[in-house]
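> Sharing query_18.cif (mmCIF, C-alpha atoms (C1' of nucleotides)) below.
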```cif
data_input
loop_
_atom_site.group_PDB
_atom_site.id
_atom_site.type_symbol
_atom_site.label_atom_id
_atom_site.label_comp_id
_atom_site.auth_asym_id
_atom_site.auth_seq_id
_atom_site.Cartn_x
_atom_site.Cartn_y
_atom_site.Cartn_z
ATOM 1 C CA MET A 1 -156.980 48.155 -1.908
ATOM 2 C CA THR A 2 -153.360 49.226 -2.093
ATOM 3 C CA LYS A 3 -152.117 45.841 -0.997
ATOM 4 C CA LEU A 4 -152.258 42.811 -3.226
ATOM 5 C CA THR A 5 -152.797 39.169 -2.407
ATOM 6 C CA VAL A 6 -150.901 36.436 -4.193
ATOM 7 C CA GLY A 7 -153.728 35.825 -6.600
ATOM 8 C CA GLN A 8 -154.247 39.483 -7.393
ATOM 9 C CA LEU A 9 -150.583 40.028 -8.016
ATOM 10 C CA ALA A 10 -150.435 36.877 -10.107
ATOM 11 C CA ASP A 11 -153.296 38.068 -12.272
ATOM 12 C CA ALA A 12 -151.869 41.535 -12.617
ATOM 13 C CA ALA A 13 -148.462 40.266 -13.599
ATOM 14 C CA GLY A 14 -149.768 37.519 -15.800
ATOM 15 C CA VAL A 15 -148.246 34.630 -13.887
ATOM 16 C CA THR A 16 -149.574 31.924 -11.590
ATOM 17 C CA PRO A 17 -149.784 32.281 -7.815
ATOM 18 C CA ASN A 18 -147.288 29.475 -7.744
ATOM 19 C CA ALA A 19 -144.810 31.557 -9.667
ATOM 20 C CA VAL A 20 -145.406 34.521 -7.383
ATOM 21 C CA ARG A 21 -144.351 32.495 -4.343
ATOM 22 C CA PHE A 22 -141.403 31.274 -6.306
ATOM 23 C CA TYR A 23 -140.364 34.834 -7.089
ATOM 24 C CA GLU A 24 -140.653 35.730 -3.450
ATOM 25 C CA ARG A 25 -138.346 32.869 -2.472
ATOM 26 C CA TYR A 26 -135.854 34.168 -5.010
ATOM 27 C CA GLY A 27 -136.055 37.719 -3.749
ATOM 28 C CA VAL A 28 -137.517 39.110 -6.947
ATOM 29 C CA ILE A 29 -140.337 40.492 -4.868
ATOM 30 C CA THR A 30 -140.667 41.141 -1.170
ATOM 31 C CA GLY A 31 -143.870 40.881 0.760
ATOM 32 C CA HIS A 32 -145.034 41.092 4.294
ATOM 33 C CA ARG A 33 -147.592 38.958 5.990
ATOM 34 C CA SER A 34 -150.966 39.890 7.240
ATOM 35 C CA SER A 35 -152.678 38.259 10.157
ATOM 36 C CA GLY A 36 -153.359 34.748 9.025
ATOM 37 C CA ASN A 37 -149.943 34.558 7.417
ATOM 38 C CA ALA A 38 -151.172 35.576 3.996
ATOM 39 C CA ARG A 39 -148.757 37.372 1.686
ATOM 40 C CA ARG A 40 -149.391 41.031 0.975
ATOM 41 C CA PHE A 41 -147.592 42.871 -1.765
ATOM 42 C CA ASP A 42 -147.210 46.485 -2.701
ATOM 43 C CA PRO A 43 -148.291 47.262 -6.246
ATOM 44 C CA ASP A 44 -144.737 47.836 -7.413
ATOM 45 C CA ALA A 45 -144.311 44.076 -7.177
ATOM 46 C CA ILE A 46 -146.138 43.958 -10.496
ATOM 47 C CA CYS A 47 -143.352 45.950 -12.119
ATOM 48 C CA ARG A 48 -140.724 43.824 -10.460
ATOM 49 C CA ILE A 49 -142.227 40.676 -11.873
ATOM 50 C CA ARG A 50 -142.651 42.277 -15.276
ATOM 51 C CA LEU A 51 -139.039 43.265 -15.270
ATOM 52 C CA ALA A 52 -137.925 39.795 -14.219
ATOM 53 C CA LEU A 53 -140.024 38.254 -16.986
ATOM 54 C CA ALA A 54 -138.530 40.618 -19.504
ATOM 55 C CA ALA A 55 -135.095 39.743 -18.189
ATOM 56 C CA GLN A 56 -135.758 36.057 -18.643
ATOM 57 C CA ARG A 57 -136.330 36.648 -22.313
ATOM 58 C CA VAL A 58 -132.752 37.783 -22.700
ATOM 59 C CA GLY A 59 -131.381 34.955 -20.628
ATOM 60 C CA ILE A 60 -131.104 36.635 -17.266
ATOM 61 C CA THR A 61 -131.889 34.391 -14.338
ATOM 62 C CA LEU A 62 -134.314 35.183 -11.548
ATOM 63 C CA LYS A 63 -131.415 35.434 -9.179
ATOM 64 C CA ASP A 64 -129.746 38.083 -11.290
ATOM 65 C CA SER A 65 -133.024 39.884 -11.752
ATOM 66 C CA ALA A 66 -133.384 39.912 -8.001
ATOM 67 C CA ALA A 67 -129.969 41.530 -7.756
ATOM 68 C CA ILE A 68 -130.939 44.211 -10.262
ATOM 69 C CA LEU A 69 -134.225 44.827 -8.497
ATOM 70 C CA ALA A 70 -132.548 45.047 -5.118
ATOM 71 C CA ASP A 71 -131.282 48.463 -6.154
ATOM 72 C CA ILE A 72 -134.781 49.782 -6.468
ATOM 73 C CA PRO A 73 -136.255 50.875 -3.151
ATOM 74 C CA PRO A 74 -139.591 49.413 -2.125
ATOM 75 C CA MET A 75 -142.643 51.200 -3.440
ATOM 76 C CA SER A 76 -140.369 53.461 -5.427
ATOM 77 C CA PRO A 77 -142.276 55.968 -7.504
ATOM 78 C CA ASP A 78 -138.867 56.880 -8.876
ATOM 79 C CA LEU A 79 -139.373 56.154 -12.535
ATOM 80 C CA ASP A 80 -135.716 56.758 -13.291
ATOM 81 C CA ARG A 81 -134.775 53.803 -11.177
ATOM 82 C CA TRP A 82 -137.026 51.621 -13.256
ATOM 83 C CA THR A 83 -135.969 52.931 -16.603
ATOM 84 C CA SER A 84 -132.319 52.582 -15.740
ATOM 85 C CA ALA A 85 -132.914 49.014 -14.617
ATOM 86 C CA GLY A 86 -134.644 48.454 -17.932
ATOM 87 C CA ALA A 87 -131.712 50.029 -19.723
ATOM 88 C CA GLU A 88 -129.379 47.659 -17.966
ATOM 89 C CA LEU A 89 -131.445 44.769 -19.236
ATOM 90 C CA VAL A 90 -131.149 46.078 -22.755
ATOM 91 C CA ARG A 91 -127.422 46.533 -22.325
ATOM 92 C CA ILE A 92 -127.020 42.957 -21.128
ATOM 93 C CA GLY A 93 -129.280 41.745 -23.889
ATOM 94 C CA ARG A 94 -127.218 43.475 -26.560
ATOM 95 C CA ALA A 95 -124.100 41.934 -25.098
ATOM 96 C CA ARG A 96 -125.725 38.519 -25.254
ATOM 97 C CA VAL A 97 -126.557 39.105 -28.896
ATOM 98 C CA SER A 98 -122.981 40.040 -29.758
ATOM 99 C CA GLN A 99 -121.707 37.026 -27.915
ATOM 100 C CA LEU A 100 -124.026 34.633 -29.634
ATOM 101 C CA GLN A 101 -123.275 36.255 -32.960
ATOM 102 C CA ALA A 102 -119.560 35.764 -32.461
ATOM 103 C CA THR A 103 -120.097 32.151 -31.450
ATOM 104 C CA VAL A 104 -122.156 31.448 -34.523
ATOM 105 C CA GLU A 105 -119.655 33.097 -36.848
ATOM 106 C CA GLN A 106 -116.890 31.112 -35.292
ATOM 107 C CA LEU A 107 -118.990 28.000 -35.741
ATOM 108 C CA SER A 108 -119.519 28.807 -39.392
ATOM 109 C CA THR A 109 -115.881 28.040 -40.068
ATOM 110 C CA LEU A 110 -116.782 24.435 -39.257
ATOM 111 C CA ASP A 111 -113.481 24.184 -37.469
ATOM 112 C CA PHE A 112 -115.208 22.545 -34.561
ATOM 113 C CA LEU A 113 -115.125 19.325 -36.508
ATOM 114 C CA GLY A 114 -111.494 19.316 -35.528
ATOM 115 C CA GLN A 115 -108.734 17.196 -36.913
ATOM 116 C CA PRO A 116 -110.067 13.799 -35.839
ATOM 117 C CA GLN A 117 -111.660 13.312 -39.225
ATOM 118 C CA PRO A 118 -114.041 10.374 -38.761
ATOM 119 C CA ALA A 119 -112.757 7.793 -41.119
ATOM 120 C CA ALA A 120 -112.111 10.354 -43.762
ATOM 121 C CA GLY A 121 -109.569 9.675 -46.427
ATOM 122 C CA ARG A 122 -107.381 12.669 -46.004
ATOM 123 C CA PRO A 123 -106.780 14.620 -42.816
ATOM 124 C CA ARG A 124 -107.252 18.315 -43.373
ATOM 125 C CA SER A 125 -103.913 19.982 -43.830
ATOM 126 C CA MET B 1 -106.742 0.641 -32.444
ATOM 127 C CA THR B 2 -109.765 1.562 -34.484
ATOM 128 C CA LYS B 3 -112.152 1.186 -31.573
ATOM 129 C CA LEU B 4 -112.200 3.585 -28.652
ATOM 130 C CA THR B 5 -112.954 2.986 -25.014
ATOM 131 C CA VAL B 6 -114.935 5.472 -22.993
ATOM 132 C CA GLY B 7 -111.805 7.041 -21.602
ATOM 133 C CA GLN B 8 -110.093 7.324 -24.951
ATOM 134 C CA LEU B 9 -113.104 8.883 -26.567
ATOM 135 C CA ALA B 10 -113.519 11.218 -23.628
ATOM 136 C CA ASP B 11 -109.931 12.389 -23.948
ATOM 137 C CA ALA B 12 -110.153 12.776 -27.696
ATOM 138 C CA ALA B 13 -113.347 14.781 -27.492
ATOM 139 C CA GLY B 14 -112.275 16.804 -24.485
ATOM 140 C CA VAL B 15 -115.040 15.687 -22.160
ATOM 141 C CA THR B 16 -115.245 13.365 -19.168
ATOM 142 C CA PRO B 17 -116.064 9.665 -19.399
ATOM 143 C CA ASN B 18 -119.146 10.555 -17.459
ATOM 144 C CA ALA B 19 -120.275 12.874 -20.182
ATOM 145 C CA VAL B 20 -119.580 10.251 -22.819
ATOM 146 C CA ARG B 21 -121.977 7.832 -21.150
ATOM 147 C CA PHE B 22 -124.467 10.641 -20.887
ATOM 148 C CA TYR B 23 -124.192 11.324 -24.611
ATOM 149 C CA GLU B 24 -124.735 7.675 -25.338
ATOM 150 C CA ARG B 25 -127.918 7.641 -23.268
ATOM 151 C CA TYR B 26 -129.112 10.644 -25.273
ATOM 152 C CA GLY B 27 -128.299 9.024 -28.585
ATOM 153 C CA VAL B 28 -125.644 11.549 -29.530
ATOM 154 C CA ILE B 29 -123.266 8.637 -29.999
ATOM 155 C CA THR B 30 -123.874 4.951 -30.454
ATOM 156 C CA GLY B 31 -121.565 2.227 -29.236
ATOM 157 C CA HIS B 32 -121.468 -1.471 -29.037
ATOM 158 C CA ARG B 33 -120.202 -3.589 -26.202
ATOM 159 C CA SER B 34 -117.193 -5.770 -26.037
ATOM 160 C CA SER B 35 -116.923 -8.886 -23.947
ATOM 161 C CA GLY B 36 -116.949 -7.628 -20.405
ATOM 162 C CA ASN B 37 -119.682 -5.181 -21.285
ATOM 163 C CA ALA B 38 -117.307 -2.300 -21.951
ATOM 164 C CA ARG B 39 -118.357 0.360 -24.421
ATOM 165 C CA ARG B 40 -116.548 0.522 -27.732
ATOM 166 C CA PHE B 41 -116.878 3.456 -30.071
ATOM 167 C CA ASP B 42 -115.953 4.107 -33.651
ATOM 168 C CA PRO B 43 -113.721 7.130 -34.127
ATOM 169 C CA ASP B 44 -116.467 9.179 -35.751
ATOM 170 C CA ALA B 45 -117.973 9.434 -32.274
ATOM 171 C CA ILE B 46 -115.374 12.109 -31.668
ATOM 172 C CA CYS B 47 -116.882 14.253 -34.389
ATOM 173 C CA ARG B 48 -120.373 13.587 -33.131
ATOM 174 C CA ILE B 49 -119.459 14.828 -29.699
ATOM 175 C CA ARG B 50 -117.660 17.816 -31.134
ATOM 176 C CA LEU B 51 -120.691 18.707 -33.148
ATOM 177 C CA ALA B 52 -122.969 18.332 -30.141
ATOM 178 C CA LEU B 53 -120.687 20.551 -28.084
ATOM 179 C CA ALA B 54 -120.669 23.163 -30.821
ATOM 180 C CA ALA B 55 -124.433 22.928 -30.978
ATOM 181 C CA GLN B 56 -124.723 23.536 -27.254
ATOM 182 C CA ARG B 57 -122.984 26.840 -27.715
ATOM 183 C CA VAL B 58 -125.839 28.066 -29.844
ATOM 184 C CA GLY B 59 -128.471 26.740 -27.501
ATOM 185 C CA ILE B 60 -129.222 23.423 -29.154
ATOM 186 C CA THR B 61 -129.971 20.623 -26.732
ATOM 187 C CA LEU B 62 -128.337 17.222 -26.751
ATOM 188 C CA LYS B 63 -131.610 15.706 -27.813
ATOM 189 C CA ASP B 64 -131.797 17.927 -30.862
ATOM 190 C CA SER B 65 -128.160 17.305 -31.631
ATOM 191 C CA ALA B 66 -128.897 13.615 -31.519
ATOM 192 C CA ALA B 67 -131.654 14.148 -34.071
ATOM 193 C CA ILE B 68 -129.303 16.021 -36.370
ATOM 194 C CA LEU B 69 -126.630 13.382 -35.972
ATOM 195 C CA ALA B 70 -129.065 10.581 -36.638
ATOM 196 C CA ASP B 71 -128.985 11.577 -40.288
ATOM 197 C CA ILE B 72 -125.304 10.817 -40.524
ATOM 198 C CA PRO B 73 -124.592 7.135 -41.085
ATOM 199 C CA PRO B 74 -122.224 5.402 -38.674
ATOM 200 C CA MET B 75 -118.563 5.657 -39.503
ATOM 201 C CA SER B 76 -119.423 7.970 -42.330
ATOM 202 C CA PRO B 77 -116.398 9.241 -44.192
ATOM 203 C CA ASP B 78 -118.887 11.356 -46.097
ATOM 204 C CA LEU B 79 -117.604 14.807 -45.353
ATOM 205 C CA ASP B 80 -120.580 16.436 -47.004
ATOM 206 C CA ARG B 81 -122.875 14.941 -44.433
ATOM 207 C CA TRP B 82 -120.812 16.537 -41.717
ATOM 208 C CA THR B 83 -120.484 19.926 -43.331
ATOM 209 C CA SER B 84 -124.193 20.095 -44.053
ATOM 210 C CA ALA B 85 -124.942 19.197 -40.441
ATOM 211 C CA GLY B 86 -122.560 21.966 -39.455
ATOM 212 C CA ALA B 87 -124.304 24.315 -41.844
ATOM 213 C CA GLU B 88 -127.614 23.481 -40.217
ATOM 214 C CA LEU B 89 -126.135 24.415 -36.885
ATOM 215 C CA VAL B 90 -125.050 27.743 -38.267
ATOM 216 C CA ARG B 91 -128.462 28.294 -39.768
ATOM 217 C CA ILE B 92 -130.146 27.602 -36.450
ATOM 218 C CA GLY B 93 -127.612 29.757 -34.688
ATOM 219 C CA ARG B 94 -128.255 32.705 -36.966
ATOM 220 C CA ALA B 95 -131.967 32.299 -36.388
ATOM 221 C CA ARG B 96 -131.359 32.360 -32.650
ATOM 222 C CA VAL B 97 -129.390 35.557 -33.035
ATOM 223 C CA SER B 98 -132.162 37.270 -34.974
ATOM 224 C CA GLN B 99 -134.690 36.142 -32.428
ATOM 225 C CA LEU B 100 -132.718 37.406 -29.495
ATOM 226 C CA GLN B 101 -132.002 40.619 -31.329
ATOM 227 C CA ALA B 102 -135.691 41.201 -31.916
ATOM 228 C CA THR B 103 -136.471 40.446 -28.293
ATOM 229 C CA VAL B 104 -133.890 42.919 -27.082
ATOM 230 C CA GLU B 105 -135.061 45.638 -29.418
ATOM 231 C CA GLN B 106 -138.598 45.105 -28.281
ATOM 232 C CA LEU B 107 -137.378 45.277 -24.726
ATOM 233 C CA SER B 108 -135.625 48.540 -25.396
ATOM 234 C CA THR B 109 -138.973 50.262 -25.702
ATOM 235 C CA LEU B 110 -139.340 49.605 -21.985
ATOM 236 C CA ASP B 111 -142.962 48.822 -22.664
ATOM 237 C CA PHE B 112 -142.678 45.762 -20.513
ATOM 238 C CA LEU B 113 -143.024 47.985 -17.479
ATOM 239 C CA GLY B 114 -146.659 48.132 -18.477
ATOM 240 C CA GLN B 115 -149.279 50.498 -17.204
ATOM 241 C CA PRO B 116 -149.286 49.458 -13.550
ATOM 242 C CA GLN B 117 -147.021 52.325 -12.644
ATOM 243 C CA PRO B 118 -145.734 51.478 -9.145
ATOM 244 C CA ALA B 119 -146.953 54.085 -6.758
ATOM 245 C CA ALA B 120 -146.533 56.894 -9.197
ATOM 246 C CA GLY B 121 -147.793 60.328 -8.323
ATOM 247 C CA ARG B 122 -150.992 60.224 -10.249
ATOM 248 C CA PRO B 123 -153.449 57.703 -8.852
ATOM 249 C CA ARG B 124 -154.860 55.569 -11.596
ATOM 250 C CA SER B 125 -158.490 56.330 -11.934
ATOM 251 C "C1'" DA C 1 -102.093 -14.577 -6.358
ATOM 252 C "C1'" DC C 2 -102.768 -9.899 -5.819
ATOM 253 C "C1'" DT C 3 -103.127 -5.298 -6.880
ATOM 254 C "C1'" DT C 4 -104.311 -1.700 -9.766
ATOM 255 C "C1'" DG C 5 -106.669 0.741 -13.235
ATOM 256 C "C1'" DA C 6 -110.377 1.210 -15.978
ATOM 257 C "C1'" DG C 7 -114.629 -0.128 -16.872
ATOM 258 C "C1'" DT C 8 -119.811 -0.974 -15.185
ATOM 259 C "C1'" DT C 9 -124.567 0.324 -12.985
ATOM 260 C "C1'" DC C 10 -127.268 2.892 -9.705
ATOM 261 C "C1'" DA C 11 -128.778 6.534 -7.452
ATOM 262 C "C1'" DC C 12 -128.489 10.963 -5.501
ATOM 263 C "C1'" DC C 13 -126.737 16.193 -5.993
ATOM 264 C "C1'" DT C 14 -126.370 20.705 -8.430
ATOM 265 C "C1'" DA C 15 -128.967 24.978 -10.729
ATOM 266 C "C1'" DT C 16 -133.073 26.953 -13.278
ATOM 267 C "C1'" DA C 17 -138.098 27.748 -13.467
ATOM 268 C "C1'" DG C 18 -141.762 26.453 -12.097
ATOM 269 C "C1'" DG C 19 -146.352 22.722 -11.967
ATOM 270 C "C1'" DC C 20 -149.179 19.881 -9.179
ATOM 271 C "C1'" DG C 21 -151.446 17.752 -5.400
ATOM 272 C "C1'" DA C 22 -152.123 16.869 -0.354
ATOM 273 C "C1'" DA C 23 -153.446 18.495 3.761
ATOM 274 C "C1'" DC C 24 -154.518 22.203 6.423
ATOM 275 C "C1'" DT C 25 -156.095 27.176 7.782
ATOM 276 C "C1'" DT C 26 -158.417 31.531 7.034
ATOM 277 C "C1'" DC C 27 -161.534 34.767 4.965
ATOM 278 C "C1'" DT C 28 -165.876 36.030 3.237
ATOM 279 C "C1'" DA C 29 -170.743 35.607 2.127
ATOM 280 C "C1'" DG C 30 -175.319 33.848 2.579
ATOM 281 C "C1'" DC D 1 -172.980 28.949 11.300
ATOM 282 C "C1'" DT D 2 -171.342 26.887 7.625
ATOM 283 C "C1'" DA D 3 -169.812 26.315 2.792
ATOM 284 C "C1'" DG D 4 -166.647 27.524 -0.563
ATOM 285 C "C1'" DA D 5 -162.954 30.238 -2.375
ATOM 286 C "C1'" DA D 6 -158.465 31.356 -1.685
ATOM 287 C "C1'" DG D 7 -154.657 31.254 1.150
ATOM 288 C "C1'" DT D 8 -150.640 28.315 3.489
ATOM 289 C "C1'" DT D 9 -146.630 24.749 3.620
ATOM 290 C "C1'" DC D 10 -144.508 20.581 2.031
ATOM 291 C "C1'" DG D 11 -142.704 17.638 -0.997
ATOM 292 C "C1'" DC D 12 -142.383 15.332 -5.352
ATOM 293 C "C1'" DC D 13 -142.324 15.890 -10.731
ATOM 294 C "C1'" DT D 14 -140.607 17.911 -15.220
ATOM 295 C "C1'" DA D 15 -136.371 18.949 -18.551
ATOM 296 C "C1'" DT D 16 -131.286 20.053 -19.300
ATOM 297 C "C1'" DA D 17 -126.379 18.781 -18.606
ATOM 298 C "C1'" DG D 18 -123.859 16.626 -16.275
ATOM 299 C "C1'" DG D 19 -120.850 15.519 -11.341
ATOM 300 C "C1'" DT D 20 -119.969 12.361 -7.674
ATOM 301 C "C1'" DG D 21 -119.630 8.391 -4.891
ATOM 302 C "C1'" DA D 22 -120.760 3.440 -3.830
ATOM 303 C "C1'" DA D 23 -120.268 -1.031 -4.948
ATOM 304 C "C1'" DC D 24 -118.853 -4.104 -8.179
ATOM 305 C "C1'" DT D 25 -116.483 -6.633 -12.292
ATOM 306 C "C1'" DC D 26 -112.825 -7.475 -15.494
ATOM 307 C "C1'" DA D 27 -108.313 -7.829 -17.694
ATOM 308 C "C1'" DA D 28 -103.475 -7.049 -17.234
ATOM 309 C "C1'" DG D 29 -98.926 -6.699 -14.933
ATOM 310 C "C1'" DT D 30 -95.624 -8.147 -11.393
#
```
Mind turning this structure into structure tokens?

Amino acid sequence: MTKLTVGQLADAAGVTPNAVRFYERYGVITGHRSSGNARRFDPDAICRIRLALAAQRVGITLKDSAAILADIPPMSPDLDRWTSAGAELVRIGRARVSQLQATVEQLSTLDFLGQPQPAAGRPRS
Amino acid sequence: MTKLTVGQLADAAGVTPNAVRFYERYGVITGHRSSGNARRFDPDAICRIRLALAAQRVGITLKDSAAILADIPPMSPDLDRWTSAGAELVRIGRARVSQLQATVEQLSTLDFLGQPQPAAGRPRS
DNA sequence: ACTTGAGTTCACCTATAGGCGAACTTCTAG
DNA sequence: CTAGAAGTTCGCCTATAGGTGAACTCAAGT
């Protein structure tokens, strides 16, 4: 049973069949159809979904995940491709952290309250 | 001119009049109406919007910003109220950073690729 | 009086990530 | 052969943060 149905893939990846179809529409996974128009997926679709889910956790959209995954050939047993895609995720994630960190530190100056002091007595000089 | 129209407030806060109405619907700001049904805002609305915008940058929704702002009395010249609200933002922001950091570090193990190795050489038995 | 500008409400559009149900087809087992 | 499980498409619903246009009112200036 090298091919997976929607439900099987959904179970394996820990998502709903609904989500699987959604991922297909977004190009995260690619399937072909069997007679009767049912989706069939290669097992590597599981990894693709896992990667996309991991990506979501660092704020990467499905669309961007699809772009990353597009570089990995179908049914690739090439583990390097996967690990480097994973590494890219980590790289992006670290960048997100730095960005957020900088934003928070900048916020901590409370400068965002700006000059328009509400009805405050003395404008900050 | 102690009261502000939508347009004036929008300009002062650096958003569109559209956004101002949106913020009012979400309770970020509160206005009253003048004859002719036009919105009128107290100047502290500028600070409320600024705070909400700052909050957005650390992933806080308008709804949550509204909750934070609800603790500040209208037209408050009480600077402490504002700085402590700002401090809360920073606190939440720092928490977000730690969370994201942890997520990324966990991701860096690449464990998310799971067992279901694509079509790797060794058939899973 | 008329125009213009700024205000109003209402409702639909975007992107993101799906959930849910209707209605229909196909596959599989007894 | 027929019932049920699982598949299909389609379209509407959610939340978030607004943008955009239609149609309309209101107050002011010339």
> Excluding Arg21 of chain A and any residue of its chain fewer than 4 positions from it, enumerate the residues within 10 Å of it, using all atoms listed in the file, and give them as number ranges by chain.
A: 6, 10, 16-17, 25-31, 39
> Tell me which protein, DNA and RNA residues are within 9 Å of Leu110 of chain B, counting all atoms listed in the file, leaving out same-chain ones fewer than 2 positions away, and put them as a list of chain:residue names.
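Near neighbours after the sequence-gap exclusion: A:Thr83, A:Gly86, A:Ala87, A:Val90, B:Gln106, B:Leu107, B:Ser108, B:Phe112, B:Leu113, B:Gly114.
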> Working over all C-alpha atoms in order, superimpose chain A onto chain B by least squares and state the RMSD in Å.
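Result: 1.5 Å C-alpha RMSD.
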> Apply the PyMOL selection byres ((chain B) within 8 of (chain D)) to the structure shown and report the selected residues as an mmCIF file with C-alpha atoms, keeping the file's coordinate frame.

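Printed below is part-v6.cif as written:
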```cif
data_model
loop_
_atom_site.group_PDB
_atom_site.id
_atom_site.type_symbol
_atom_site.label_atom_id
_atom_site.label_comp_id
_atom_site.auth_asym_id
_atom_site.auth_seq_id
_atom_site.Cartn_x
_atom_site.Cartn_y
_atom_site.Cartn_z
ATOM 1 C CA ASN B 18 -119.146 10.555 -17.459
ATOM 2 C CA ALA B 19 -120.275 12.874 -20.182
ATOM 3 C CA PHE B 22 -124.467 10.641 -20.887
ATOM 4 C CA GLY B 36 -116.949 -7.628 -20.405
ATOM 5 C CA THR B 61 -129.971 20.623 -26.732
#
```
> Please identify every residue of chain A that has at least one atom no more than 9 Å from any atom of chain B, counting all atoms listed in the file, and report them as a VMD selection string.
chain A and resid 12 42 to 48 50 to 51 53 to 55 57 to 58 75 to 79 82 to 83 86 to 87 89 to 91 93 to 94 96 to 98 100 to 101 103 to 105 107 to 108 110 112 to 114 116 to 121
> If the cut-off is 10 Å, can you tell me the residues of chain C near chain B, counting all atoms listed in the file? I'd like them as a list in words.
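So the residues of chain C near chain B are DA6, DG7 and DT8 of chain C.
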> Figure out the distance between atom CA of Asp64 of chain B and atom CA of Leu62 of chain A, please, to one decimal in Å.
26.0 Å
> Give the centre and edge lengths of an axis-aligned box, in Å to one decimal, that holds all listed atoms of segment 12-30 of chain D with 8 Å on each side, as AutoDock Vina command-line options.

```
--center_x -119.0 --center_y 6.0 --center_z -11.6 --size_x 62.8 --size_y 44.2 --size_z 31.5
```
> Any idea what the distance is between atom C1' of DT16 of chain C and atom CA of Leu9 of chain A?
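The value is 22.5 Å.
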> Could you jot down the atom CA of Tyr23 of chain B to atom CA of Ala67 of chain B separation for me, Å, one decimal place?
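Answer for the atom CA of Tyr23 of chain B to atom CA of Ala67 of chain B separation: 12.4 Å.
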